Amino acid sequence: MTLTDSNLKIAVQKQGRLTEKSLELLEGIGLDFDFSKDQLFARCRNFDLDLLFLRDNDIPEYVQDGVCDLGIVGRNMVVEKRASVTAVQKLGFGNCRLAIAVPESSKITSWQDLEGSRIATTYPNSLEAFLLEKKIKAEVICISGSAEIAPSLNLSDAICDLVSSGNTLRINGLRELELVFESQAVLNETKASLPDPKRQLINRLLLRVSAVLKAQRTKYVLMNAPESALEKIKAIIPGLDSPTVVPLAKPGMIAVHSVVDEEEFWEVIEQLKEVGATSILVSPIEKLIA
Ligand code: PRT
């Protein structure tokens with residue numbers, strides 16, 4: 001099997017923290033692949049698309065150079081590689097932050113104290129940009145992994161690394177000092193010019209991605225309420241355009257169907273109960289196409 005030029009090419013991490021969720025997303029938008037563990041690319045059975053499995057630090061450049069049309073990778077990698085790509089969609093997984101940390105016992109208590117210090121990192125470009133912005137002169141020590149060990153080996157006074165739960169810092173006796181930036185997995189598009197058929201394929205794909213992500217962020221809500229409460233309910237949940245309202249067999253009662261954002265879900269439910277909604281039924285949404 002070989003790659004087809006006219007097919008859309010999308011890169012995902014071959015093996016790592018972003019792989020499973022990236023493949024889940026692609027399956028969630030209806031793409032059907034057949035591949036084995038060691039394959040470097042896979043042909044999609046029901047869309048003109050090839051999936052490329054790459055190291056995550058190679059993906060930003062592949063997308064920048066147009067070798068791949070799209071790529072799923074952490075924002076941290078795009079920033080570090082200074083890749084010129086278009087971030088088309090934040091994907092809501094792979095959440096982490098690039099942060100500076102120091103040993104618990106360190107006299108360094110704020111970023112200003114980093115002046116003259118040695119900072120070990122696998123993110124030299126991002127760290128240098130941070131130091132430049134803060135006008136701090138510090139020695140950047142590039143290492144290829146396990147930055148957390150550097151202070152105990154007296155290789156550095158601080159580290160700059162990705163943090164998610166903070167457990168690795170704690171286990172290694174480090175405390176977080178300063179946020180450099182937040183990151184999550186992002187769908188990136190090449191800035192290279194693309195022929196019209198490929199552009200159309202991208203648009204079709206993006207519509208599907210946004211439908212799945214919107215559905216993940218929302219819940220379908222169905223409730224009974226007195227007809228007199230309708231205006232108040234409408235004010236609480238504006239819905240997609242407006243809620244669906246169905247009269248019930250009991251006079252003066254209605255059923256209202258709508259969509260509620262996951263983030264404000266509990267506040268909305270509490271407010272609905274206050275204005276008289278009962279039998280509130282909540283279900284997940286598979287896809288939401290506005
Ligand atoms: O082999 P390849 O080059 O493809 O991948 P990799 O091994 O370099 O990367 P991988 O799979 O570890 O991470 C891929 C991406 O996941 C990163 O580029 C981030 O976008 C994202 N991500 C999210 C993370 C983390 N969370 C994370 N916690 N990447 C790494 N970590 C490491 C961090 O470096 C530190 O060592 O986890 C440790 C800290 O975790 P906590 O939970 O203890 O704070």
# chains A, B, ... in the order shown; residues from 1 in each chain; ligands from 1
>>> residues_around(residues="Thr244 of chain A", least_positions_apart="4", cutoff="9 Å", atoms="only C-alpha atoms", output="short mmCIF file (atom, residue, chain, number, x, y, z; two decimals) with N, CA, C and O atoms, in the first residue's frame")
data_model
loop_
_atom_site.label_atom_id
_atom_site.label_comp_id
_atom_site.auth_asym_id
_atom_site.auth_seq_id
_atom_site.Cartn_x
_atom_site.Cartn_y
_atom_site.Cartn_z
N GLY A 239 -31.12 27.47 24.60
CA GLY A 239 -31.18 26.33 23.67
C GLY A 239 -30.37 26.59 22.43
O GLY A 239 -29.50 27.45 22.40
N ALA A 255 -44.05 19.99 27.99
CA ALA A 255 -42.72 19.34 28.04
C ALA A 255 -41.79 20.24 27.23
O ALA A 255 -42.15 20.71 26.15
N VAL A 256 -40.62 20.50 27.80
CA VAL A 256 -39.65 21.36 27.10
C VAL A 256 -38.40 20.53 26.82
O VAL A 256 -37.89 19.84 27.71
N HIS A 257 -37.92 20.57 25.58
CA HIS A 257 -36.69 19.87 25.21
C HIS A 257 -35.65 20.92 24.86
O HIS A 257 -35.95 21.86 24.14
N SER A 258 -34.45 20.74 25.34
CA SER A 258 -33.42 21.70 24.95
C SER A 258 -32.02 21.11 25.13
O SER A 258 -31.87 19.94 25.48
#
>>> residues_around(residues="segment 267-279 of chain A", least_positions_apart="4", cutoff="10 Å", atoms="only C-alpha atoms", output="ChimeraX atom specification")
/A:221-234,236-237,254-256,260-263
>>> write_last_selection(atoms="C-alpha atoms", output="tab-separated table (two decimals), in the first residue's frame")
chain	number	residue	atom	x	y	z
A	221	VAL	CA	-32.48	18.02	28.58
A	222	LEU	CA	-36.18	17.16	28.65
A	223	MET	CA	-38.47	18.42	31.43
A	224	ASN	CA	-42.10	18.94	32.37
A	225	ALA	CA	-43.22	22.37	33.56
A	226	PRO	CA	-46.29	24.58	34.02
A	227	GLU	CA	-46.98	26.54	30.83
A	228	SER	CA	-46.76	29.75	32.89
A	229	ALA	CA	-43.04	29.03	33.56
A	230	LEU	CA	-42.10	28.90	29.86
A	231	GLU	CA	-40.71	32.43	29.58
A	232	LYS	CA	-38.54	31.92	32.67
A	233	ILE	CA	-37.32	28.56	31.32
A	234	LYS	CA	-36.46	30.16	27.98
A	236	ILE	CA	-32.50	30.09	31.69
A	237	ILE	CA	-31.78	27.92	28.61
A	254	ILE	CA	-45.83	21.39	28.84
A	255	ALA	CA	-42.72	19.34	28.04
A	256	VAL	CA	-39.65	21.36	27.10
A	260	VAL	CA	-27.50	22.63	27.92
A	261	ASP	CA	-23.79	23.34	28.03
A	262	GLU	CA	-21.88	20.84	30.17
A	263	GLU	CA	-19.99	23.64	31.94
>>> closest_residue(among="A:Asp50, A:Asp69, A:Glu139, A:Asp38", to="Gln15 of chain A", atoms="only C-alpha atoms")
A:Asp38
>>> closest_residue(among="A:Ser156, A:Ser193, A:Asn95, A:Ser110", to="ligand 1", atoms="only C-alpha atoms and all ligand atoms")
A:Asn95
>>> select_by_dssp(residues="segment 1-248 of chain A", states="strand (DSSP E or B)", output="VMD selection string")
chain A and resid 8 to 13 33 41 to 44 49 to 54 70 to 74 86 to 90 96 to 103 118 to 121 139 to 142 158 to 163 174 to 183 185 to 189 218 to 226 244 to 247
>>> residues_around(residues="Ser283 of chain A", least_positions_apart="2", cutoff="10 Å", atoms="only C-alpha atoms", output="NGL selection string")
:A and (218-222 or 259 or 281 or 285-286)
>>> write_last_selection(atoms="N, CA, C and O atoms", output="PDB file, in the first residue's frame")
ATOM      1  N   THR A 218     -22.178  19.205  25.460  1.00  0.00           N
ATOM      2  CA  THR A 218     -23.575  19.536  25.748  1.00  0.00           C
ATOM      3  C   THR A 218     -24.379  18.301  26.157  1.00  0.00           C
ATOM      4  O   THR A 218     -23.988  17.180  25.889  1.00  0.00           O
ATOM      5  N   LYS A 219     -25.502  18.583  26.804  1.00  0.00           N
ATOM      6  CA  LYS A 219     -26.420  17.506  27.217  1.00  0.00           C
ATOM      7  C   LYS A 219     -27.814  17.835  26.688  1.00  0.00           C
ATOM      8  O   LYS A 219     -28.187  19.010  26.583  1.00  0.00           O
ATOM      9  N   TYR A 220     -28.560  16.786  26.373  1.00  0.00           N
ATOM     10  CA  TYR A 220     -29.933  16.967  25.935  1.00  0.00           C
ATOM     11  C   TYR A 220     -30.810  16.920  27.184  1.00  0.00           C
ATOM     12  O   TYR A 220     -30.686  15.999  27.990  1.00  0.00           O
ATOM     13  N   VAL A 221     -31.670  17.935  27.362  1.00  0.00           N
ATOM     14  CA  VAL A 221     -32.482  18.017  28.577  1.00  0.00           C
ATOM     15  C   VAL A 221     -33.965  18.054  28.208  1.00  0.00           C
ATOM     16  O   VAL A 221     -34.371  18.801  27.317  1.00  0.00           O
ATOM     17  N   LEU A 222     -34.739  17.230  28.886  1.00  0.00           N
ATOM     18  CA  LEU A 222     -36.182  17.157  28.648  1.00  0.00           C
ATOM     19  C   LEU A 222     -36.854  17.324  30.009  1.00  0.00           C
ATOM     20  O   LEU A 222     -36.437  16.672  30.980  1.00  0.00           O
ATOM     21  N   VAL A 259     -31.029  21.957  24.886  1.00  0.00           N
ATOM     22  CA  VAL A 259     -29.640  21.530  24.972  1.00  0.00           C
ATOM     23  C   VAL A 259     -28.929  22.443  25.959  1.00  0.00           C
ATOM     24  O   VAL A 259     -29.104  23.654  25.921  1.00  0.00           O
ATOM     25  N   LEU A 281     -35.152  15.064  32.591  1.00  0.00           N
ATOM     26  CA  LEU A 281     -34.438  13.913  32.035  1.00  0.00           C
ATOM     27  C   LEU A 281     -33.225  14.433  31.255  1.00  0.00           C
ATOM     28  O   LEU A 281     -33.356  15.348  30.452  1.00  0.00           O
ATOM     29  N   ILE A 285     -25.481  13.543  24.077  1.00  0.00           N
ATOM     30  CA  ILE A 285     -25.756  13.782  22.651  1.00  0.00           C
ATOM     31  C   ILE A 285     -24.616  13.143  21.871  1.00  0.00           C
ATOM     32  O   ILE A 285     -23.449  13.288  22.243  1.00  0.00           O
ATOM     33  N   GLU A 286     -24.936  12.462  20.801  1.00  0.00           N
ATOM     34  CA  GLU A 286     -23.864  11.836  20.027  1.00  0.00           C
ATOM     35  C   GLU A 286     -23.213  12.839  19.080  1.00  0.00           C
ATOM     36  O   GLU A 286     -21.990  12.943  19.000  1.00  0.00           O
TER      37      GLU A 286
END
